[in-house]
>>> print(open('work.txt').read())   # compact mmCIF, C-alpha atoms and all ligand atoms
# COMPACT_ATOMS: atom_id res chain seq x y z
CA MET A 1 38.18 4.84 5.83
CA THR A 2 34.94 2.92 5.51
CA ARG A 3 31.96 5.21 5.11
CA ARG A 4 28.64 4.47 6.74
CA ARG A 5 25.94 3.75 4.16
CA VAL A 6 23.17 6.32 4.44
CA GLY A 7 19.59 6.33 3.13
CA VAL A 8 17.87 9.73 2.95
CA LEU A 9 14.08 10.04 3.17
CA ILE A 10 12.53 13.10 1.50
CA SER A 11 9.14 14.47 0.49
CA GLY A 12 9.96 17.71 -1.30
CA ARG A 13 12.54 20.35 -2.12
CA GLY A 14 15.52 18.41 -0.78
CA SER A 15 17.79 21.31 0.13
CA ASN A 16 19.01 19.45 3.22
CA LEU A 17 19.64 16.41 1.02
CA GLN A 18 21.72 18.72 -1.20
CA ALA A 19 23.76 19.84 1.82
CA LEU A 20 24.45 16.19 2.71
CA ILE A 21 25.41 15.43 -0.90
CA GLU A 22 27.90 18.30 -0.87
CA ALA A 23 29.31 17.21 2.48
CA GLN A 24 30.00 13.68 1.29
CA MET A 25 32.18 15.06 -1.50
CA GLY A 26 34.76 15.76 1.20
CA ARG A 27 37.33 12.97 1.15
CA ASP A 28 37.28 12.44 4.90
CA TYR A 29 33.49 12.50 5.27
CA PRO A 30 32.45 9.34 7.16
CA ALA A 31 29.09 8.80 5.41
CA GLU A 32 27.95 8.09 1.89
CA ILE A 33 24.37 8.37 0.60
CA VAL A 34 23.58 5.11 -1.17
CA LEU A 35 19.84 5.66 -1.63
CA VAL A 36 17.31 8.49 -1.65
CA LEU A 37 13.67 7.54 -1.10
CA SER A 38 10.75 9.88 -1.64
CA ASN A 39 7.11 9.26 -0.81
CA VAL A 40 6.16 12.02 -3.29
CA PRO A 41 6.74 11.28 -6.99
CA GLU A 42 7.22 14.99 -7.88
CA ALA A 43 9.72 15.75 -5.10
CA GLN A 44 12.40 18.16 -6.33
CA GLY A 45 14.97 16.31 -4.24
CA LEU A 46 14.78 13.30 -6.58
CA ALA A 47 16.42 15.35 -9.34
CA ARG A 48 19.16 16.42 -6.93
CA ALA A 49 19.92 12.78 -6.16
CA GLU A 50 19.96 11.86 -9.84
CA ALA A 51 22.25 14.79 -10.66
CA ALA A 52 24.67 13.48 -8.04
CA GLY A 53 24.47 9.93 -9.43
CA ILE A 54 22.75 8.59 -6.32
CA PRO A 55 20.03 5.92 -6.76
CA ALA A 56 16.64 7.51 -6.10
CA LEU A 57 13.35 5.70 -5.70
CA VAL A 58 9.73 6.68 -5.11
CA VAL A 59 7.74 4.73 -2.55
CA ASP A 60 4.38 6.44 -2.88
CA HIS A 61 2.43 6.19 0.37
CA LYS A 62 -0.82 6.54 -1.60
CA ARG A 63 -0.27 3.11 -3.10
CA PHE A 64 -0.41 1.41 0.30
CA ALA A 65 -3.51 0.43 2.25
CA ASN A 66 -2.09 1.67 5.54
CA ARG A 67 0.91 3.19 7.27
CA ALA A 68 2.23 -0.19 8.42
CA ASP A 69 2.43 -1.52 4.86
CA PHE A 70 4.07 1.69 3.63
CA ASP A 71 6.67 1.67 6.40
CA ALA A 72 7.34 -2.04 5.82
CA ALA A 73 8.10 -1.24 2.17
CA LEU A 74 10.42 1.60 3.20
CA ASP A 75 12.18 -0.65 5.68
CA ARG A 76 12.65 -3.43 3.13
CA THR A 77 13.95 -1.06 0.47
CA LEU A 78 16.45 0.53 2.85
CA LYS A 79 17.70 -2.84 4.06
CA GLN A 80 18.00 -4.23 0.52
CA ALA A 81 20.26 -1.29 -0.32
CA GLY A 82 22.48 -2.09 2.65
CA VAL A 83 21.63 1.16 4.43
CA GLU A 84 23.14 1.50 7.91
CA LEU A 85 21.89 4.97 8.86
CA VAL A 86 18.65 6.69 7.86
CA CYS A 87 18.37 10.49 7.60
CA ASN A 88 14.95 12.12 7.35
CA ALA A 89 15.35 15.37 5.41
CA GLY A 90 11.97 17.05 5.02
CA PHE A 91 10.17 13.70 5.09
CA MET A 92 6.55 14.54 5.84
CA ARG A 93 5.13 11.19 7.00
CA LEU A 94 4.92 9.95 10.57
CA HIS A 95 6.57 6.55 11.07
CA THR A 96 5.05 3.53 12.75
CA GLU A 97 6.55 2.47 16.04
CA SER A 98 7.78 -0.71 14.38
CA PHE A 99 9.78 1.26 11.76
CA VAL A 100 11.24 3.48 14.46
CA ARG A 101 12.25 0.43 16.53
CA SER A 102 13.82 -1.16 13.48
CA TRP A 103 16.20 1.84 13.04
CA TRP A 104 16.64 2.72 16.73
CA ASN A 105 19.71 4.96 17.22
CA ARG A 106 20.45 4.65 13.50
CA HIS A 107 17.87 7.18 12.36
CA LEU A 108 18.17 11.00 12.36
CA ASN A 109 15.76 13.83 11.68
CA ILE A 110 16.20 17.57 11.26
CA HIS A 111 13.60 19.95 12.65
CA PRO A 112 13.53 23.75 12.24
CA SER A 113 13.29 24.74 15.90
CA LEU A 114 15.26 24.42 19.10
CA LEU A 115 13.59 21.23 20.33
CA PRO A 116 11.81 20.39 22.55
CA ALA A 117 10.20 23.77 21.78
CA PHE A 118 7.96 24.11 18.73
CA LYS A 119 7.48 20.54 17.64
CA GLY A 120 5.25 20.01 14.62
CA LEU A 121 4.39 22.18 11.63
CA HIS A 122 4.40 25.97 11.07
CA THR A 123 7.26 26.41 13.53
CA HIS A 124 8.42 29.81 12.31
CA ALA A 125 4.95 31.40 12.43
CA ARG A 126 4.49 30.05 15.95
CA VAL A 127 7.93 31.32 17.02
CA LEU A 128 6.97 34.81 15.80
CA ASP A 129 3.54 34.63 17.50
CA GLU A 130 5.22 33.80 20.80
CA GLY A 131 7.73 36.65 20.50
CA VAL A 132 10.65 34.26 20.89
CA ARG A 133 14.05 35.99 20.42
CA ILE A 134 16.21 33.00 19.60
CA THR A 135 15.15 30.00 17.55
CA GLY A 136 17.14 27.57 15.44
CA CYS A 137 17.25 23.97 14.31
CA THR A 138 17.90 20.55 15.78
CA VAL A 139 19.19 17.20 14.55
CA HIS A 140 17.97 14.36 16.75
CA PHE A 141 17.60 10.60 16.80
CA VAL A 142 14.08 9.53 15.86
CA ARG A 143 11.70 8.20 18.49
CA PRO A 144 8.04 7.17 18.11
CA GLU A 145 6.74 10.54 19.32
CA MET A 146 7.00 13.20 16.59
CA ASP A 147 10.02 15.54 16.75
CA SER A 148 11.39 13.97 19.90
CA GLY A 149 14.46 11.91 20.67
CA PRO A 150 18.06 12.31 21.80
CA ILE A 151 19.52 15.57 20.47
CA VAL A 152 22.75 15.32 18.48
CA ALA A 153 23.28 18.99 17.58
CA GLN A 154 21.54 22.36 17.49
CA ALA A 155 22.15 25.75 15.90
CA ALA A 156 20.74 28.98 17.33
CA VAL A 157 19.38 31.73 15.08
CA ALA A 158 18.34 35.20 16.31
CA VAL A 159 14.82 36.35 15.48
CA LEU A 160 14.82 39.86 13.95
CA PRO A 161 12.13 42.46 14.71
CA ASP A 162 10.84 42.59 11.14
CA ASP A 163 11.03 38.85 10.45
CA THR A 164 8.24 37.11 8.57
CA PRO A 165 7.81 33.32 8.72
CA GLU A 166 9.50 33.23 5.30
CA SER A 167 12.53 35.39 6.17
CA LEU A 168 13.05 33.46 9.40
CA ALA A 169 12.65 30.11 7.63
CA ALA A 170 15.32 31.16 5.13
CA ARG A 171 17.87 32.02 7.85
CA VAL A 172 17.12 28.87 9.84
CA LEU A 173 17.44 26.82 6.64
CA GLU A 174 20.97 28.17 6.08
CA ALA A 175 21.82 26.95 9.57
CA GLU A 176 20.18 23.57 8.82
CA HIS A 177 22.43 23.13 5.80
CA ARG A 178 25.49 23.43 8.02
CA LEU A 179 24.07 21.56 10.98
CA TYR A 180 22.90 18.37 9.30
CA PRO A 181 26.25 17.45 7.70
CA HIS A 182 27.96 18.25 11.00
CA ALA A 183 25.57 16.08 13.03
CA LEU A 184 25.75 13.21 10.56
CA ARG A 185 29.53 13.37 10.72
CA LEU A 186 29.44 13.05 14.51
CA VAL A 187 27.12 10.03 14.35
CA ALA A 188 28.66 8.28 11.35
CA SER A 189 32.21 8.63 12.67
CA GLY A 190 31.18 7.15 16.02
CA ALA A 191 32.22 10.34 17.86
CA VAL A 192 28.90 10.36 19.67
CA ARG A 193 26.49 7.71 20.90
CA VAL A 194 23.19 7.46 22.75
CA GLU A 195 23.37 6.65 26.45
CA GLY A 196 20.25 6.76 28.62
CA GLU A 197 18.35 8.69 25.94
CA ARG A 198 20.99 11.42 25.76
CA VAL A 199 23.71 11.86 23.18
CA VAL A 200 27.15 11.70 24.79
CA GLY A 201 30.76 11.84 23.60
CA MET A 202 31.12 15.50 22.75
CA SER A 203 33.34 16.34 25.72
CA GLN A 204 36.18 17.40 23.43
CA ILE A 205 34.10 20.26 21.99
CA GLY A 206 34.78 23.61 23.68
CA ALA A 207 32.31 26.28 24.77
CA GLN A 208 30.97 28.82 22.26
CA PRO A 209 30.19 32.46 23.08
CA PRO A 210 26.50 33.07 23.87
CA ILE A 211 24.18 34.59 21.25
CA PHE A 212 22.31 37.66 22.52
CA SER A 213 19.07 38.70 20.88
CA PRO A 214 18.59 41.63 20.78
CA PRO A 215 22.36 42.09 20.64
CA ILE A 216 24.20 43.61 23.62
C1 LIG A 301 13.41 21.76 6.60
O1 LIG A 301 13.13 23.00 7.16
C2 LIG A 301 13.47 20.68 7.66
O2 LIG A 301 13.95 21.14 8.88
C3 LIG A 301 12.01 20.30 7.81
O3 LIG A 301 11.50 20.35 6.50
C4 LIG A 301 12.27 21.26 5.70
C5 LIG A 301 12.77 20.48 4.54
O4 LIG A 301 13.42 21.28 3.57
N1 LIG A 301 11.91 19.00 8.46
P1 LIG A 301 14.25 20.58 2.40
O5 LIG A 301 13.29 19.62 1.69
O6 LIG A 301 15.41 19.88 3.00
O7 LIG A 301 14.64 21.73 1.49
>>> encode(input="work.txt", output="structure tokens", more="lines below")
Ligand code: GRF
Amino acid sequence: MTRRRVGVLISGRGSNLQALIEAQMGRDYPAEIVLVLSNVPEAQGLARAEAAGIPALVVDHKRFANRADFDAALDRTLKQAGVELVCNAGFMRLHTESFVRSWWNRHLNIHPSLLPAFKGLHTHARVLDEGVRITGCTVHFVRPEMDSGPIVAQAAVAVLPDDTPESLAARVLEAEHRLYPHALRLVASGAVRVEGERVVGMSQIGAQPPIFSPPI
């Protein structure tokens, strides 16, 4: 089996990166992380990459005059490493349209809400403010508009009456750690593809029982 070569973009803690690292230890996993890039020199995720023996580099956005130059450096570095698929995992910079076009349908992001609801930052606090009963997380292909693009996979998480943004974030994060490896497997193996701005090819996957919140 040839594994797709993956580059992971991070800015911080890197717990989703860790989930992807653990997934690729499976012998039949169709993707292999060949490079981790952080725009933040102190990102905790860099140590996770090093511990796993994965090349990790810092491309500090502060050293670039503008977003276009920064994204051009990212693009070059990814291509030099022979990356085929890019995974944003807590990467906190918006991309230029040119970068997004350069990795069109080869670039994933994970977001901690059921998109298209609650794009942007502070999702869990906003979910609680709105009194939403079910939230979750989404892995999607990246498009120029923030947190939008064809959806590969989602996980639903029930909101509990006494949740705080932190307690909810922790439960959604557990779901993220299962969802991202699953979604990357679907994309890297070629099981799914983008057609007319929707992800298709999952017809073999059966229905799941609904989640009720509050429970029935
Ligand atoms: C995750 O909640 C992810 O959905 C969001 O940023 C957070 C990153 O966490 N985009 P980590 O760095 O993967 O631990």
>>> residues_around(input="work.txt", residues="A:Gly45", least_positions_apart="5", cutoff="9 Å", atoms="all atoms listed in the file", output="ChimeraX atom specification")
/A:10-15,17-18,36,38,50
>>> closest_residue(input="work.txt", among="A:Ile134, A:Leu9, A:Phe64, A:Ala52", to="A:Leu37", atoms="only C-alpha atoms")
A:Leu9
>>> residues_around(input="work.txt", residues="A:Pro150", least_positions_apart="5", cutoff="7 Å", atoms="only C-alpha atoms", output="ChimeraX atom specification")
/A:140-141,197-199
>>> residues_around(input="work.txt", residues="A:Arg63", least_positions_apart="4", cutoff="12 Å", atoms="all atoms listed in the file", output="list in words")
Asn39, Val40, Pro41, Val58, Val59, Arg67, Asp69, Phe70, Asp71 and Ala73 of chain A
>>> residues_near_ligand(input="work.txt", ligand="ligand LIG 301 (chain A)", cutoff="9 Å", atoms="all atoms listed in the file", output="ChimeraX atom specification")
/A:10-19,43-45,88-92,109-113,121,137-139,169-170,172-173,176-177
>>> closest_atom_pairs(input="work.txt", of="stretch 44-134 of chain A", to="stretch 151-165 of chain A", cutoff="6 Å", atoms="all atoms listed in the file", output="JSON lines")
{"residue": "A:His124", "atom": "CA", "partner": "A:Pro165", "partner_atom": "CA", "distance": 5.1}
{"residue": "A:Ala125", "atom": "CA", "partner": "A:Pro165", "partner_atom": "CA", "distance": 5.1}
{"residue": "A:Arg133", "atom": "CA", "partner": "A:Val159", "partner_atom": "CA", "distance": 5.0}
{"residue": "A:Ile134", "atom": "CA", "partner": "A:Ala158", "partner_atom": "CA", "distance": 4.5}
>>> write_last_selection(input="work.txt", atoms="C-alpha atoms", output="short mmCIF file (atom, residue, chain, number, x, y, z; two decimals), keeping the file's coordinate frame")
data_model
loop_
_atom_site.label_atom_id
_atom_site.label_comp_id
_atom_site.auth_asym_id
_atom_site.auth_seq_id
_atom_site.Cartn_x
_atom_site.Cartn_y
_atom_site.Cartn_z
CA HIS A 124 8.42 29.81 12.31
CA ALA A 125 4.95 31.40 12.43
CA ARG A 133 14.05 35.99 20.42
CA ILE A 134 16.21 33.00 19.60
#
>>> closest_residue(input="work.txt", among="A:Asn105, A:Thr96, A:Asn66, A:Thr77", to="A:Ala188", atoms="all atoms listed in the file")
A:Asn105
>>> closest_residue(input="work.txt", among="A:Pro181, A:Pro215, A:Gly120, A:Gly190", to="A:Leu20", atoms="all atoms listed in the file")
A:Pro181
>>> atom_distance(input="work.txt", atom1="atom CA of A:Arg178", atom2="atom CA of A:Gln24")
12.7 Å
>>> closest_residue(input="work.txt", among="A:Val6, A:Leu74, A:Met146, A:Ala117", to="A:His61", atoms="all atoms listed in the file")
A:Leu74
>>> closest_residue(input="work.txt", among="A:Met202, A:Leu35, A:Val8, A:Val142", to="A:His107", atoms="only C-alpha atoms")
A:Val142
>>> atom_distance(input="work.txt", atom1="atom CA of A:Phe99", atom2="atom CA of A:Ala72")
7.2 Å
>>> atom_distance(input="work.txt", atom1="atom CA of A:Arg143", atom2="atom CA of A:Arg106")
10.7 Å
>>> decode(input="work.txt", residues="stretch 52-90 of chain A", atoms="C-alpha atoms", output="PDB file, in the first residue's frame")
ATOM      1  CA  ALA A  52       7.288  10.711  16.788  1.00  0.00           C
ATOM      2  CA  GLY A  53      10.365  11.246  14.597  1.00  0.00           C
ATOM      3  CA  ILE A  54       8.483  13.444  12.137  1.00  0.00           C
ATOM      4  CA  PRO A  55      10.321  16.438  10.611  1.00  0.00           C
ATOM      5  CA  ALA A  56       8.960  19.628  12.159  1.00  0.00           C
ATOM      6  CA  LEU A  57       9.642  23.167  10.995  1.00  0.00           C
ATOM      7  CA  VAL A  58       8.679  26.653  12.120  1.00  0.00           C
ATOM      8  CA  VAL A  59       7.591  29.147   9.489  1.00  0.00           C
ATOM      9  CA  ASP A  60       6.997  32.190  11.662  1.00  0.00           C
ATOM     10  CA  HIS A  61       4.422  34.486  10.071  1.00  0.00           C
ATOM     11  CA  LYS A  62       5.938  37.429  11.953  1.00  0.00           C
ATOM     12  CA  ARG A  63       9.035  37.201   9.785  1.00  0.00           C
ATOM     13  CA  PHE A  64       7.081  37.920   6.611  1.00  0.00           C
ATOM     14  CA  ALA A  65       6.006  41.310   5.296  1.00  0.00           C
ATOM     15  CA  ASN A  66       2.543  40.080   4.355  1.00  0.00           C
ATOM     16  CA  ARG A  67       0.219  37.100   4.205  1.00  0.00           C
ATOM     17  CA  ALA A  68       1.038  36.380   0.561  1.00  0.00           C
ATOM     18  CA  ASP A  69       4.756  35.988   1.286  1.00  0.00           C
ATOM     19  CA  PHE A  70       4.049  33.813   4.325  1.00  0.00           C
ATOM     20  CA  ASP A  71       1.681  31.540   2.416  1.00  0.00           C
ATOM     21  CA  ALA A  72       4.153  31.324  -0.489  1.00  0.00           C
ATOM     22  CA  ALA A  73       6.798  30.090   1.971  1.00  0.00           C
ATOM     23  CA  LEU A  74       4.368  27.526   3.404  1.00  0.00           C
ATOM     24  CA  ASP A  75       3.454  26.356  -0.080  1.00  0.00           C
ATOM     25  CA  ARG A  76       7.092  26.008  -1.133  1.00  0.00           C
ATOM     26  CA  THR A  77       8.045  24.122   2.020  1.00  0.00           C
ATOM     27  CA  LEU A  78       5.143  21.692   1.671  1.00  0.00           C
ATOM     28  CA  LYS A  79       5.915  21.040  -1.992  1.00  0.00           C
ATOM     29  CA  GLN A  80       9.643  20.571  -1.334  1.00  0.00           C
ATOM     30  CA  ALA A  81       8.737  17.857   1.171  1.00  0.00           C
ATOM     31  CA  GLY A  82       6.627  16.087  -1.438  1.00  0.00           C
ATOM     32  CA  VAL A  83       3.398  16.669   0.483  1.00  0.00           C
ATOM     33  CA  GLU A  84       0.255  15.493  -1.323  1.00  0.00           C
ATOM     34  CA  LEU A  85      -2.392  16.346   1.284  1.00  0.00           C
ATOM     35  CA  VAL A  86      -2.413  19.209   3.797  1.00  0.00           C
ATOM     36  CA  CYS A  87      -4.221  18.944   7.145  1.00  0.00           C
ATOM     37  CA  ASN A  88      -4.834  22.059   9.220  1.00  0.00           C
ATOM     38  CA  ALA A  89      -4.945  21.031  12.882  1.00  0.00           C
ATOM     39  CA  GLY A  90      -5.469  24.089  15.052  1.00  0.00           C
TER      40      GLY A  90
END
